[in-house]
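Structure file query11.cif (mmCIF, C-alpha atoms and all ligand atoms) follows.
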```cif
data_structure
loop_
_atom_site.label_atom_id
_atom_site.label_comp_id
_atom_site.auth_asym_id
_atom_site.auth_seq_id
_atom_site.Cartn_x
_atom_site.Cartn_y
_atom_site.Cartn_z
CA MET P 24 0.00 0.00 0.00
CA ARG P 25 2.81 2.37 0.90
CA GLU P 26 4.49 1.67 -2.44
CA ASN P 27 1.20 2.14 -4.30
CA ARG P 28 0.76 5.55 -2.68
CA ARG P 29 4.31 6.53 -3.54
CA ARG P 30 3.68 5.55 -7.17
CA LEU P 31 0.40 7.43 -7.19
CA ALA P 32 2.04 10.62 -5.95
CA ARG P 33 4.84 10.30 -8.48
CA ALA P 34 2.41 9.66 -11.34
CA LEU P 35 0.33 12.70 -10.42
CA GLY P 36 3.28 14.95 -9.69
CA ILE P 37 2.12 15.76 -6.18
CA ASP P 38 4.17 15.94 -2.99
CA PRO P 39 3.13 13.00 -0.78
CA GLU P 40 4.27 15.03 2.24
CA ARG P 41 1.42 17.42 1.47
CA ALA P 42 -1.27 14.86 0.64
CA THR P 43 -3.96 14.42 3.24
CA MET P 44 -6.85 12.12 3.94
CA VAL P 45 -9.37 11.41 6.70
CA HIS P 46 -10.49 8.36 8.62
CA GLN P 47 -13.68 7.73 6.67
CA VAL P 48 -16.72 6.76 8.72
CA HIS P 49 -19.63 6.94 6.23
CA GLY P 50 -20.79 10.23 7.69
CA ALA P 51 -21.11 13.80 6.47
CA GLY P 52 -18.28 15.47 8.37
CA VAL P 53 -16.06 17.93 6.48
CA ARG P 54 -12.48 18.63 7.56
CA ASP P 55 -10.77 21.86 6.63
CA ALA P 56 -7.29 21.02 5.41
CA ALA P 57 -5.61 24.41 5.21
CA ALA P 58 -2.56 22.24 5.83
CA PRO P 59 -2.24 18.45 5.68
CA LEU P 60 -4.07 17.01 8.68
CA ARG P 61 -1.08 14.81 9.41
CA PRO P 62 1.89 16.24 7.55
CA GLY P 63 4.06 13.63 5.92
CA ARG P 64 1.86 10.70 6.91
CA PHE P 65 0.11 9.97 3.61
CA LEU P 66 2.60 7.20 2.92
CA GLY P 67 2.21 5.92 6.45
CA GLY P 68 -1.14 4.20 6.40
CA LEU P 69 -4.79 4.44 7.28
CA SER P 70 -4.66 4.82 11.06
CA GLY P 71 -4.51 8.01 13.07
CA TRP P 72 -6.33 10.36 10.71
CA PRO P 73 -9.15 12.49 12.11
CA GLU P 74 -12.61 11.21 11.32
CA GLY P 75 -14.53 12.68 8.42
CA ASP P 76 -15.80 11.94 4.95
CA ALA P 77 -14.96 15.12 3.11
CA LEU P 78 -12.03 17.50 2.89
CA VAL P 79 -11.81 21.09 1.72
CA THR P 80 -8.80 23.31 1.12
CA ARG P 81 -7.86 26.70 -0.27
CA THR P 82 -4.15 26.02 0.06
CA ALA P 83 -2.23 25.34 -3.16
CA GLY P 84 -0.33 22.07 -3.17
CA VAL P 85 -2.35 20.34 -0.45
CA ALA P 86 -3.73 17.25 -2.20
CA LEU P 87 -7.02 15.92 -0.83
CA ALA P 88 -7.47 12.16 -1.08
CA VAL P 89 -10.60 10.07 -0.54
CA MET P 90 -10.71 6.30 -0.80
CA GLY P 91 -13.44 3.99 -1.98
CA ALA P 92 -14.11 0.51 -3.29
CA ASP P 93 -17.77 0.82 -4.41
CA CYS P 94 -18.42 4.12 -2.64
CA LEU P 95 -18.00 7.13 -4.89
CA PRO P 96 -15.09 9.52 -4.82
CA VAL P 97 -16.60 12.94 -5.57
CA LEU P 98 -14.23 15.79 -6.39
CA MET P 99 -15.40 19.40 -6.42
CA TRP P 100 -13.75 22.68 -7.30
CA ARG P 101 -14.69 26.33 -7.51
CA ARG P 102 -14.55 27.59 -11.08
CA ASP P 103 -13.89 31.17 -9.95
CA ALA P 104 -11.50 30.78 -7.03
CA PRO P 105 -8.79 28.48 -5.71
CA ALA P 106 -10.83 26.14 -3.56
CA VAL P 107 -11.32 22.38 -3.86
CA ALA P 108 -13.09 19.61 -1.97
CA ALA P 109 -13.19 15.82 -2.02
CA ALA P 110 -15.88 13.56 -0.58
CA HIS P 111 -16.29 9.86 0.06
CA ALA P 112 -19.91 9.06 -0.70
CA GLY P 113 -21.61 5.74 -0.18
CA TRP P 114 -25.34 5.38 0.36
CA ARG P 115 -25.16 6.54 3.97
CA GLY P 116 -23.05 9.60 3.23
CA LEU P 117 -25.29 10.55 0.33
CA VAL P 118 -28.44 10.25 2.46
CA ASP P 119 -26.80 12.13 5.35
CA GLY P 120 -25.69 14.96 3.06
CA VAL P 121 -21.93 14.66 2.69
CA LEU P 122 -22.03 16.30 -0.74
CA GLU P 123 -24.17 19.20 0.45
CA ALA P 124 -21.80 19.68 3.40
CA ALA P 125 -18.74 19.76 1.13
CA LEU P 126 -20.46 22.22 -1.21
CA ALA P 127 -21.33 24.45 1.73
CA ALA P 128 -17.68 24.45 2.77
CA LEU P 129 -16.73 25.55 -0.74
CA GLY P 130 -19.20 28.39 -0.40
CA ASP P 131 -20.89 28.85 -3.78
CA PRO P 132 -22.44 25.84 -5.53
CA ALA P 133 -23.41 27.89 -8.58
CA ARG P 134 -19.73 28.51 -9.23
CA THR P 135 -18.65 24.96 -8.43
CA ALA P 136 -17.95 22.01 -10.73
CA ALA P 137 -17.91 18.36 -9.70
CA TRP P 138 -16.65 15.00 -10.87
CA VAL P 139 -18.36 11.83 -9.68
CA GLY P 140 -15.85 9.00 -9.88
CA PRO P 141 -16.30 5.25 -10.28
CA GLY P 142 -18.52 3.43 -7.81
CA ILE P 143 -20.74 0.39 -7.76
CA GLY P 144 -23.46 0.59 -10.39
CA PRO P 145 -27.16 -0.23 -10.07
CA CYS P 146 -26.34 -3.41 -12.03
CA CYS P 147 -24.61 -4.76 -8.91
CA TYR P 148 -26.09 -2.95 -5.93
CA PRO P 149 -29.33 -4.51 -4.72
CA VAL P 150 -30.48 -3.09 -1.38
CA ASP P 151 -33.46 -3.64 0.87
CA ALA P 152 -36.84 -2.04 0.27
CA ALA P 153 -36.42 0.45 3.11
CA LEU P 154 -33.30 1.91 1.55
CA ARG P 155 -34.89 2.00 -1.89
CA SER P 156 -37.73 4.04 -0.42
CA ARG P 157 -35.28 6.41 1.22
CA PHE P 158 -33.48 6.98 -2.08
CA ALA P 159 -36.73 7.60 -3.93
CA ALA P 160 -37.78 10.17 -1.34
CA ARG P 161 -34.38 11.79 -0.74
CA PHE P 162 -33.22 11.97 -4.38
CA SER P 163 -35.71 10.83 -7.01
CA PRO P 164 -37.62 7.68 -7.97
CA ALA P 165 -35.21 7.41 -10.93
CA THR P 166 -32.40 6.50 -8.52
CA VAL P 167 -34.19 3.21 -7.78
CA ARG P 168 -33.59 0.58 -10.46
CA GLY P 169 -35.48 -2.62 -9.79
CA ASP P 170 -34.17 -3.91 -6.48
CA ALA P 171 -31.05 -1.72 -6.63
CA VAL P 172 -30.14 1.93 -6.19
CA ASP P 173 -28.02 4.17 -8.39
CA LEU P 174 -25.38 5.86 -6.22
CA ALA P 175 -23.96 7.99 -9.03
CA GLY P 176 -27.44 9.11 -10.07
CA ALA P 177 -28.18 10.09 -6.48
CA ALA P 178 -24.88 11.98 -6.26
CA VAL P 179 -25.59 13.94 -9.43
CA GLY P 180 -29.10 14.68 -8.21
CA ALA P 181 -27.81 15.92 -4.85
CA LEU P 182 -25.17 18.15 -6.47
CA VAL P 183 -27.63 19.71 -8.90
CA ALA P 184 -30.32 20.14 -6.24
CA ALA P 185 -27.73 21.95 -4.11
CA GLY P 186 -27.07 24.39 -6.93
CA VAL P 187 -24.21 22.99 -9.02
CA PRO P 188 -25.05 23.60 -12.70
CA ALA P 189 -25.77 20.26 -14.39
CA ALA P 190 -23.41 21.24 -17.21
CA HIS P 191 -20.59 21.29 -14.68
CA VAL P 192 -21.13 17.80 -13.27
CA ARG P 193 -19.21 14.94 -14.87
CA THR P 194 -19.63 11.25 -14.21
CA VAL P 195 -17.74 8.11 -15.14
CA ALA P 196 -19.60 5.34 -16.96
CA ALA P 197 -18.22 2.48 -14.89
CA CYS P 198 -19.16 -0.08 -12.27
CA THR P 199 -16.47 -1.09 -9.78
CA SER P 200 -18.04 -4.52 -9.29
CA CYS P 201 -18.42 -5.30 -13.01
CA GLU P 202 -14.84 -4.43 -13.94
CA PRO P 203 -12.35 -6.46 -11.87
CA ALA P 204 -9.51 -5.61 -14.25
CA ARG P 205 -9.89 -1.89 -13.52
CA PHE P 206 -11.37 -1.51 -10.06
CA TYR P 207 -11.43 -2.78 -6.52
CA SER P 208 -14.88 -3.67 -5.20
CA TYR P 209 -15.86 -4.32 -1.61
CA ARG P 210 -19.06 -6.12 -2.55
CA ARG P 211 -17.26 -8.35 -5.01
CA ASP P 212 -13.99 -9.00 -3.14
CA GLY P 213 -14.73 -8.41 0.55
CA ALA P 214 -13.05 -6.25 3.17
CA ALA P 215 -9.51 -7.20 2.20
CA THR P 216 -9.81 -5.54 -1.21
CA GLY P 217 -7.84 -2.43 -2.15
CA ARG P 218 -9.28 1.02 -2.61
CA GLN P 219 -9.63 3.47 -5.44
CA ALA P 220 -8.25 6.88 -4.55
CA GLY P 221 -9.72 10.16 -5.75
CA LEU P 222 -7.46 13.18 -5.41
CA VAL P 223 -7.93 16.87 -6.05
CA TRP P 224 -5.55 19.75 -5.43
CA ILE P 225 -4.80 23.32 -6.46
CA ASP P 226 -1.73 23.35 -8.68
CA PRO P 227 0.62 26.06 -7.35
CA ALA P 228 1.84 26.66 -10.93
CA ILE P 229 -1.65 27.78 -11.98
CA LEU P 230 -1.75 30.42 -9.27
CA ARG P 231 1.68 31.69 -10.25
CA GLY P 232 0.60 31.83 -13.92
ZN ZN P 301 -22.04 -3.71 -12.11
#
```
Mind converting the file's structure to structure tokens?
Ligand SMILES: [Zn+2]
Amino acid sequence: MRENRRRLARALGIDPERATMVHQVHGAGVRDAAAPLRPGRFLGGLSGWPEGDALVTRTAGVALAVMGADCLPVLMWRRDAPAVAAAHAGWRGLVDGVLEAALAALGDPARTAAWVGPGIGPCCYPVDAALRSRFAARFSPATVRGDAVDLAGAAVGALVAAGVPAAHVRTVAACTSCEPARFYSYRRDGAATGRQAGLVWIDPAILRG
């Protein structure tokens, strides 16, 4: 895992000493990462990070990382100002409002864009009737597909309902469970599986330009 993170940082051209994450708990808590929450510890593992499911920063070079293996990584950025956020969004976080909380921390949804990364698709995500009812009520009936729910559809709906222009929301046509060659999946592989990482940061070079 440590080596994977080192490779990831090298591939993205980010400083792993300034990458930060949270101890994800399927909630809606947002952590302000004006500086890395544990400087230099991104290569050091999962333990010891403060609890939360979203991160926001206005500091160039601080890379925000969220992890998921079926849950969605959702990356958000202000189109008019240097401010970015990342959220880990599974069904519970979506229902509890993790995306709305991250957007509030960014301050202006109408000037925000978002990217909804790969998660488990409705093809592979049957849930019980109670949760299907909650999705229909909280998001829209279209997020219920047979006996399953559509996490990405719910995420897009939540972002747009909170004020992000639909034209500025991108999604990935993928299902983590259907594509073992590309993705880790908790439902498919169990708790010992790896995680996808979603990262967003403000490139210091852009601010200098
Ligand atoms: Zn699938």
Given 6 Å on each side, where is the centre and what are the edge lengths in Å to one decimal of the axis-aligned box enclosing the listed atoms of region 178-191 of chain P, as JSON?
```
{"center_x": -25.5, "center_y": 18.2, "center_z": -10.7, "size_x": 21.7, "size_y": 24.4, "size_z": 25.1}
```
Cut-off 12 Å around (-6.5, 6.1, 7.4) with all atoms listed in the file: residues as a list of chain:residue names: P:Met24, P:Arg25, P:Thr43, P:Met44, P:Val45, P:His46, P:Gln47, P:Val48, P:Leu60, P:Arg61, P:Arg64, P:Phe65, P:Leu66, P:Gly67, P:Gly68, P:Leu69, P:Ser70, P:Gly71, P:Trp72, P:Pro73, P:Glu74, P:Gly75, P:Asp76, P:Ala88, P:Val89, P:Met90, P:Gly91, P:Arg218
Produce a file of the selected residues containing C-alpha atoms, as a CSV table (one decimal), keeping the file's coordinate frame.
```
chain,number,residue,atom,x,y,z
P,24,MET,CA,0.0,0.0,0.0
P,25,ARG,CA,2.8,2.4,0.9
P,43,THR,CA,-4.0,14.4,3.2
P,44,MET,CA,-6.8,12.1,3.9
P,45,VAL,CA,-9.4,11.4,6.7
P,46,HIS,CA,-10.5,8.4,8.6
P,47,GLN,CA,-13.7,7.7,6.7
P,48,VAL,CA,-16.7,6.8,8.7
P,60,LEU,CA,-4.1,17.0,8.7
P,61,ARG,CA,-1.1,14.8,9.4
P,64,ARG,CA,1.9,10.7,6.9
P,65,PHE,CA,0.1,10.0,3.6
P,66,LEU,CA,2.6,7.2,2.9
P,67,GLY,CA,2.2,5.9,6.4
P,68,GLY,CA,-1.1,4.2,6.4
P,69,LEU,CA,-4.8,4.4,7.3
P,70,SER,CA,-4.7,4.8,11.1
P,71,GLY,CA,-4.5,8.0,13.1
P,72,TRP,CA,-6.3,10.4,10.7
P,73,PRO,CA,-9.2,12.5,12.1
P,74,GLU,CA,-12.6,11.2,11.3
P,75,GLY,CA,-14.5,12.7,8.4
P,76,ASP,CA,-15.8,11.9,5.0
P,88,ALA,CA,-7.5,12.2,-1.1
P,89,VAL,CA,-10.6,10.1,-0.5
P,90,MET,CA,-10.7,6.3,-0.8
P,91,GLY,CA,-13.4,4.0,-2.0
P,218,ARG,CA,-9.3,1.0,-2.6
```
Selection as number ranges by chain: residues within 9 Å of ligand ZN 301 (chain P) by all atoms listed in the file: P: 143-148, 197-202
Nearest to Phe206 (chain P) by atom-to-atom distance, counting only C-alpha atoms, from P:Ala92, P:Val192, P:Leu98, P:Ala42: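 For Phe206 (chain P), the nearest of the given residues is P:Ala92.
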Nearest-residue call for Ala108 (chain P), choices P:Ala159, P:Ala128, P:Val187, P:Val79, using only C-alpha atoms: P:Val79
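For the pair CA of Asp119 (chain P) and CA of Ala152 (chain P), the interatomic distance is 18.1 Å.
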Using only C-alpha atoms: which of P:Cys94, P:Val172, P:Ala106, P:Ala214 has the shortest distance to Ala56 (chain P):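 Distance minimum relative to Ala56 (chain P) lands on P:Ala106.
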Nearest-residue call for Arg205 (chain P), choices P:Arg168, P:Gly142, P:His49, P:Ala34, using only C-alpha atoms: P:Gly142
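Proximity ranking of P:Ala51, P:Ala178, P:Ala104, P:Ile37 relative to Thr80 (chain P) places P:Ala104 first, based on all atoms listed in the file.
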Nearest to Pro132 (chain P) by atom-to-atom distance, counting all atoms listed in the file, from P:Glu40, P:Asp103, P:Asp173, P:Asp226: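 Smallest separation from Pro132 (chain P) among the options: P:Asp103.
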